[in-house]
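Participant: Input: one structure, supplied below.
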Amino acid sequence: MFFDKKEQQVKELMKEHLGKIKDCLTLFEKTIGLYLDGHLEEANVSSFNVHKKEHEADEVRRDILAKLSAGAFLPFFREDYIGIVEMIDKIANRAKTVTQTMVIEAPKIPQEMHADIRALTSKAVLTLDPLVQLTEGPLLDKPKSMALIQEISTREQAADAIEFKLLKHLFQESTITLAEKIIIGDLIKLISEIADAVENVGDRIQVLISKQAV
Amino acid sequence: MSIRRLNALILLHPEGALVIVLAKLFGGLFLGWGIGANDSANIFGTAVATNSVRYKTAVILIAIFAIIGAVVEGPKLYPGYRFDEGTTITMTLAFVCTFAAALTVLGLTYLGLPVSCSQAAVGGLMGIAILGSGLGGANWVKLGGWACCWVLNPIGAAVVAFLVVKFVGALLNRWVRRIDILDRVYKTGLLVFGCYGAFTLGANNVVVSTGPFFQAGLFGDPARYQANHAALIAAALGGASIAIGALTYSRKVMMTVGQGITLLDPFSALVAVLAHSVAMHIFTEFHVPVSSSQAIVGAVAGIGLSKGMNTMNSKTLLTIFSAWLLTPFISAAISVAIAWGMGMGR
């Protein structure tokens, strides 16, 4: 209809934004894999690609905010949409921070931790899938949305469990220097924060959904 | 009725030249303008203050629908808009009662006291009825009936709001499960109910602006209003004055009132405008002009009650009571005083 043109545009842009974030996380996972495999040069190039994708996502975010500021959605809902878009964008920011930190600081990660770091990365990236489904439409109906928010939370908890296991191993069993432990520990926490960032978006969407009740 | 005939009626009016007639009509048109400027906020205030509807769009819609309401439903209030049957209302008396009402509105607004344009106008009319027929000759029973309607107006709006929140709210909760659809429902509702609100404002309140001039015969013999379309012309002119008030001076009030009630969620804002408009429409059918502001206050109270909140405090109640009691009596007193000052009724 003629009066929901701006809302349709926001809906399309949000889909595009999440597509960029998903691409960014795919490149992020690839970068971590390349680094752990010892392909440092390729990891460096891939890290730059993460940065480029994050920048592209930023551009789309600006377009969405411009459309929202121009009056898409009632102010009652608009504030939440702005918050959600800002929070989605932070997911890509975190991915960029992890890959940059990794290629700049280049910590020597003990071999026995590689599998778990790959698993943690994979779990963190997987939290995005239910969020993509959640924002399609742009929002599904309440029961389906609540189920997807729960799914995000479950996946985030799985990532948390691996993070805990990795940190425990790092500080209690690993024999590397304390400085290396701190750098690798920070890196593990940063990877896990990607799952946290996705969960935060889910929580914010829950606030928006609660406004459905009249 | 053609424009030429309207011109002829005004130009050939026995009470004087066009300028004098227009000067006398000024009090009524000023009241109409005041209604448009003040009461637009009750209809689109929340929507405009929250940027849900553009101010320009809102005032254009108010202007259009207030005129439509005035022309379609307004004329039925004109024949009964007087409190004495025996005396003749002259143009000067019509001027006195509308001017007294305008002064009351200005004075009470200046003092920061609540005021209702329609109740001030009715007070002014009562003043000239007392002047013409004496205290015993004025139709107190009719005024009492109208006063009952003024009391029932916010109560009726509250009841409508309460029922709409309970029943329509439950239906929306059951049927609309997506934010984007809900957003569309609210946006459409704000525009549709806003237009209905403007329609009922024009329909119900237009009589206070040009009603006394209709009774004075400015637009033709009031006894033959169905044949000469006098009520229709009077309503069109009054509707235009309401429209001009909305177009020229409603922004400030709209922002003040709108921002004051933005705590309302969109559904409550919709219900408030709908309940206000239904109440105004009902009293239009009873041929009684009522206050738009009191209807909206009642509607908000009804919404609060339906959600288990108390939105009415002692200050709000005092505000309404003082408007019910003070406004018509002050206006009536001023009306009598002006008439005496002009040498009438001695």
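Residue numbering restarts at 1 in every chain; chains get A, B, ... in the order shown in the structure tokens, and ligands count up from 1 in that same order.
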What residues in chain A have any atom no more than 10 Å from chain B when counting only C-alpha atoms, and can you write them as a PyMOL selection string?
Facilitator: chain A and resi 1+3-4+7-8+11+70-78+137-143+145+208-214
Participant: Would you kindly return, as a list in words, each protein, DNA or RNA residue with an atom no farther than 7 Å from any atom of Ser277 in chain B, considering only C-alpha atoms and excluding same-chain residues fewer than 6 positions away?
Facilitator: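 Listed by chain and then number, they are Tyr196, Gly197 and Thr200 of chain B.
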Participant: Given the selection you just returned, output its residues as a file containing C-alpha atoms, formatted as a PDB file, in the first residue's frame.
Facilitator:
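After the write, part-v4.pdb holds the following:
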ATOM      1  CA  TYR B 196     -13.790  11.161  11.851  1.00  0.00           C
ATOM      2  CA  GLY B 197     -12.793  13.288  14.844  1.00  0.00           C
ATOM      3  CA  THR B 200     -17.633  15.274  14.492  1.00  0.00           C
TER       4      THR B 200
END
Participant: Write out as a PDB file with N, CA and C atoms, in the first residue's frame which residues come within 8 Å of Phe213 in chain B when counting only C-alpha atoms, dropping same-chain ones fewer than 6 positions away.
Facilitator:
ATOM      1  N   LEU B  25     -20.521  39.713  12.775  1.00  0.00           N
ATOM      2  CA  LEU B  25     -20.311  38.273  12.622  1.00  0.00           C
ATOM      3  C   LEU B  25     -18.963  37.843  13.206  1.00  0.00           C
ATOM      4  N   THR B  90     -31.702  39.685  17.562  1.00  0.00           N
ATOM      5  CA  THR B  90     -31.225  40.591  16.513  1.00  0.00           C
ATOM      6  C   THR B  90     -29.759  40.306  16.230  1.00  0.00           C
ATOM      7  N   MET B  91     -29.265  40.929  15.147  1.00  0.00           N
ATOM      8  CA  MET B  91     -27.841  40.777  14.816  1.00  0.00           C
ATOM      9  C   MET B  91     -26.961  41.282  15.953  1.00  0.00           C
ATOM     10  N   ALA B  94     -26.946  38.787  18.693  1.00  0.00           N
ATOM     11  CA  ALA B  94     -26.107  37.657  18.279  1.00  0.00           C
ATOM     12  C   ALA B  94     -24.635  38.002  18.453  1.00  0.00           C
ATOM     13  N   PHE B  95     -24.322  39.256  18.072  1.00  0.00           N
ATOM     14  CA  PHE B  95     -22.944  39.728  18.242  1.00  0.00           C
ATOM     15  C   PHE B  95     -22.574  39.740  19.723  1.00  0.00           C
ATOM     16  N   PHE B 219     -28.870  34.726   7.561  1.00  0.00           N
ATOM     17  CA  PHE B 219     -28.771  33.846   6.379  1.00  0.00           C
ATOM     18  C   PHE B 219     -30.146  33.523   5.784  1.00  0.00           C
ATOM     19  N   ALA B 234     -25.083  28.939   7.130  1.00  0.00           N
ATOM     20  CA  ALA B 234     -24.467  29.291   8.427  1.00  0.00           C
ATOM     21  C   ALA B 234     -23.436  28.234   8.811  1.00  0.00           C
TER      22      ALA B 234
END
Participant: Write out as a PDB file with N, CA and C atoms, in the first residue's frame which residues come within 6 Å of range 68-76 of chain B when counting only C-alpha atoms, dropping same-chain ones fewer than 3 positions away.
Facilitator:
ATOM      1  N   PHE B  65     -12.346  17.845   6.758  1.00  0.00           N
ATOM      2  CA  PHE B  65     -13.398  17.056   7.401  1.00  0.00           C
ATOM      3  C   PHE B  65     -14.243  17.884   8.380  1.00  0.00           C
ATOM      4  N   PHE B 199     -14.535  15.495  11.577  1.00  0.00           N
ATOM      5  CA  PHE B 199     -15.927  15.519  11.091  1.00  0.00           C
ATOM      6  C   PHE B 199     -16.889  15.811  12.247  1.00  0.00           C
ATOM      7  N   THR B 200     -16.707  15.093  13.364  1.00  0.00           N
ATOM      8  CA  THR B 200     -17.633  15.274  14.492  1.00  0.00           C
ATOM      9  C   THR B 200     -17.426  16.632  15.172  1.00  0.00           C
ATOM     10  N   GLY B 202     -16.536  19.414  13.618  1.00  0.00           N
ATOM     11  CA  GLY B 202     -17.245  20.363  12.759  1.00  0.00           C
ATOM     12  C   GLY B 202     -18.748  20.236  12.933  1.00  0.00           C
ATOM     13  N   ALA B 203     -19.241  18.974  12.962  1.00  0.00           N
ATOM     14  CA  ALA B 203     -20.679  18.732  13.063  1.00  0.00           C
ATOM     15  C   ALA B 203     -21.254  19.270  14.366  1.00  0.00           C
ATOM     16  N   VAL B 206     -19.975  23.527  15.222  1.00  0.00           N
ATOM     17  CA  VAL B 206     -20.120  24.636  14.277  1.00  0.00           C
ATOM     18  C   VAL B 206     -21.244  25.598  14.698  1.00  0.00           C
ATOM     19  N   ALA B 231     -29.591  27.341   7.458  1.00  0.00           N
ATOM     20  CA  ALA B 231     -28.733  26.595   8.392  1.00  0.00           C
ATOM     21  C   ALA B 231     -27.501  26.047   7.677  1.00  0.00           C
ATOM     22  N   LEU B 232     -27.706  25.638   6.432  1.00  0.00           N
ATOM     23  CA  LEU B 232     -26.589  25.091   5.660  1.00  0.00           C
ATOM     24  C   LEU B 232     -25.527  26.157   5.400  1.00  0.00           C
ATOM     25  N   ALA B 235     -23.773  26.957   8.595  1.00  0.00           N
ATOM     26  CA  ALA B 235     -22.859  25.874   8.962  1.00  0.00           C
ATOM     27  C   ALA B 235     -21.608  25.899   8.081  1.00  0.00           C
ATOM     28  N   ALA B 236     -21.790  26.202   6.804  1.00  0.00           N
ATOM     29  CA  ALA B 236     -20.636  26.251   5.894  1.00  0.00           C
ATOM     30  C   ALA B 236     -19.679  27.358   6.319  1.00  0.00           C
ATOM     31  N   GLY B 239     -18.102  26.306   9.596  1.00  0.00           N
ATOM     32  CA  GLY B 239     -17.131  25.232   9.314  1.00  0.00           C
ATOM     33  C   GLY B 239     -15.845  25.808   8.754  1.00  0.00           C
TER      34      GLY B 239
END
Participant: From a DSSP pass on the backbone, collect the residues of range 166-336 of chain B flagged as helix (DSSP H, G or I) and hand them back as JSON, numbers by chain.
Facilitator: {"B": [166, 167, 168, 169, 170, 171, 172, 173, 174, 175, 179, 180, 181, 182, 183, 184, 185, 186, 187, 188, 189, 190, 191, 192, 193, 194, 195, 196, 197, 198, 199, 200, 201, 202, 203, 204, 205, 206, 207, 208, 209, 210, 211, 212, 213, 214, 215, 222, 223, 224, 225, 226, 227, 228, 230, 231, 232, 233, 234, 235, 236, 237, 238, 239, 240, 241, 242, 243, 244, 245, 246, 247, 248, 249, 251, 252, 253, 254, 255, 256, 257, 258, 259, 260, 266, 267, 268, 269, 270, 271, 272, 273, 274, 275, 276, 277, 278, 279, 280, 281, 282, 283, 284, 285, 292, 293, 294, 295, 296, 297, 298, 299, 300, 301, 302, 303, 304, 305, 306, 314, 315, 316, 317, 318, 319, 320, 321, 322, 323, 324, 325, 326, 327, 328, 329, 330, 331, 332, 333, 334, 335, 336]}
Participant: For Gly156 in chain B, find every residue with an atom within 8 Å (counting only C-alpha atoms), except residues of its own chain fewer than 6 positions away, and show them as a PyMOL selection string.
Facilitator: chain B and resi 279+295+298
Participant: Atoms to include: C-alpha atoms. Write the selected residues as a tab-separated table (two decimals), in the first residue's frame.
Facilitator:
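Result saved to again_8.tsv:
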chain	number	residue	atom	x	y	z
B	279	ALA	CA	-19.35	10.80	22.07
B	295	ALA	CA	-14.63	14.17	25.61
B	298	GLY	CA	-13.10	11.19	29.49
Participant: So how many Å separate CA of Ile109 in chain A and CA of Thr154 in chain A, to one decimal?
Facilitator: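 So the two atoms, CA of Ile109 in chain A and CA of Thr154 in chain A, lie 27.6 Å apart.
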Participant: I'd like the neighbourhood of Gly202 in chain A as a ChimeraX atom specification, where a residue qualifies if any of its atoms comes within 9 Å (using only C-alpha atoms), though same-chain residues fewer than 3 positions away should be ignored.
Facilitator: /A:84,131,134,148-150,152-153,197-199,205-207
Participant: Kindly export the residues of the current selection with C-alpha atoms, as a compact mmCIF listing (two decimals), in the first residue's frame.
Facilitator:
# COMPACT_ATOMS: atom_id res chain seq x y z
CA ILE A 84 17.94 -3.48 16.77
CA LEU A 131 18.34 -14.20 13.96
CA LEU A 134 13.64 -13.85 13.07
CA LEU A 148 13.71 -18.41 17.51
CA ILE A 149 14.86 -16.14 20.35
CA GLN A 150 15.07 -19.25 22.54
CA ILE A 152 19.59 -18.09 19.73
CA SER A 153 19.93 -18.32 23.49
CA ALA A 197 26.03 -9.77 20.51
CA VAL A 198 23.58 -11.94 18.57
CA GLU A 199 21.79 -12.86 21.79
CA ILE A 205 13.58 -7.99 19.50
CA GLN A 206 11.73 -9.56 22.43
CA VAL A 207 11.13 -6.05 23.81
Participant: I want to know what sits within 10 Å of Asp23 in chain A, based on only C-alpha atoms, with residues of the same chain fewer than 6 positions away left out; could you give that as a compact mmCIF listing (two decimals) with N, CA and C atoms, in the first residue's frame?
Facilitator:
# COMPACT_ATOMS: atom_id res chain seq x y z
N HIS A 17 21.19 -5.88 5.08
CA HIS A 17 22.14 -5.66 6.17
C HIS A 17 22.54 -7.00 6.79
N GLU A 29 34.99 -16.64 9.92
CA GLU A 29 35.27 -18.05 10.23
C GLU A 29 36.42 -18.56 9.34
N ASN A 49 39.24 -8.53 4.08
CA ASN A 49 37.92 -8.73 3.46
C ASN A 49 36.80 -8.63 4.52
N VAL A 50 37.10 -9.12 5.73
CA VAL A 50 36.13 -8.97 6.84
C VAL A 50 35.88 -7.48 7.08
N LYS A 53 33.74 -6.01 4.35
CA LYS A 53 32.33 -6.42 4.48
C LYS A 53 31.66 -5.66 5.63
N GLU A 54 32.42 -5.46 6.70
CA GLU A 54 31.88 -4.72 7.85
C GLU A 54 31.55 -3.28 7.44
N ALA A 57 28.38 -3.27 5.48
CA ALA A 57 27.24 -3.39 6.40
C ALA A 57 26.94 -2.04 7.04
N ALA A 92 29.08 -7.46 13.35
CA ALA A 92 30.16 -7.35 12.36
C ALA A 92 31.37 -6.62 12.95
Participant: Provide the CA of Met126 in chain B to CA of Gly341 in chain B distance in Å, to one decimal place.
Facilitator: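 Between these atoms lies a distance of 17.2 Å.
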Participant: If I take CA of Ile338 in chain B and CA of Glu85 in chain B, how far is one from the other in Å, to one decimal?
Facilitator: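 Distance reported for this atom pair: 21.6 Å.
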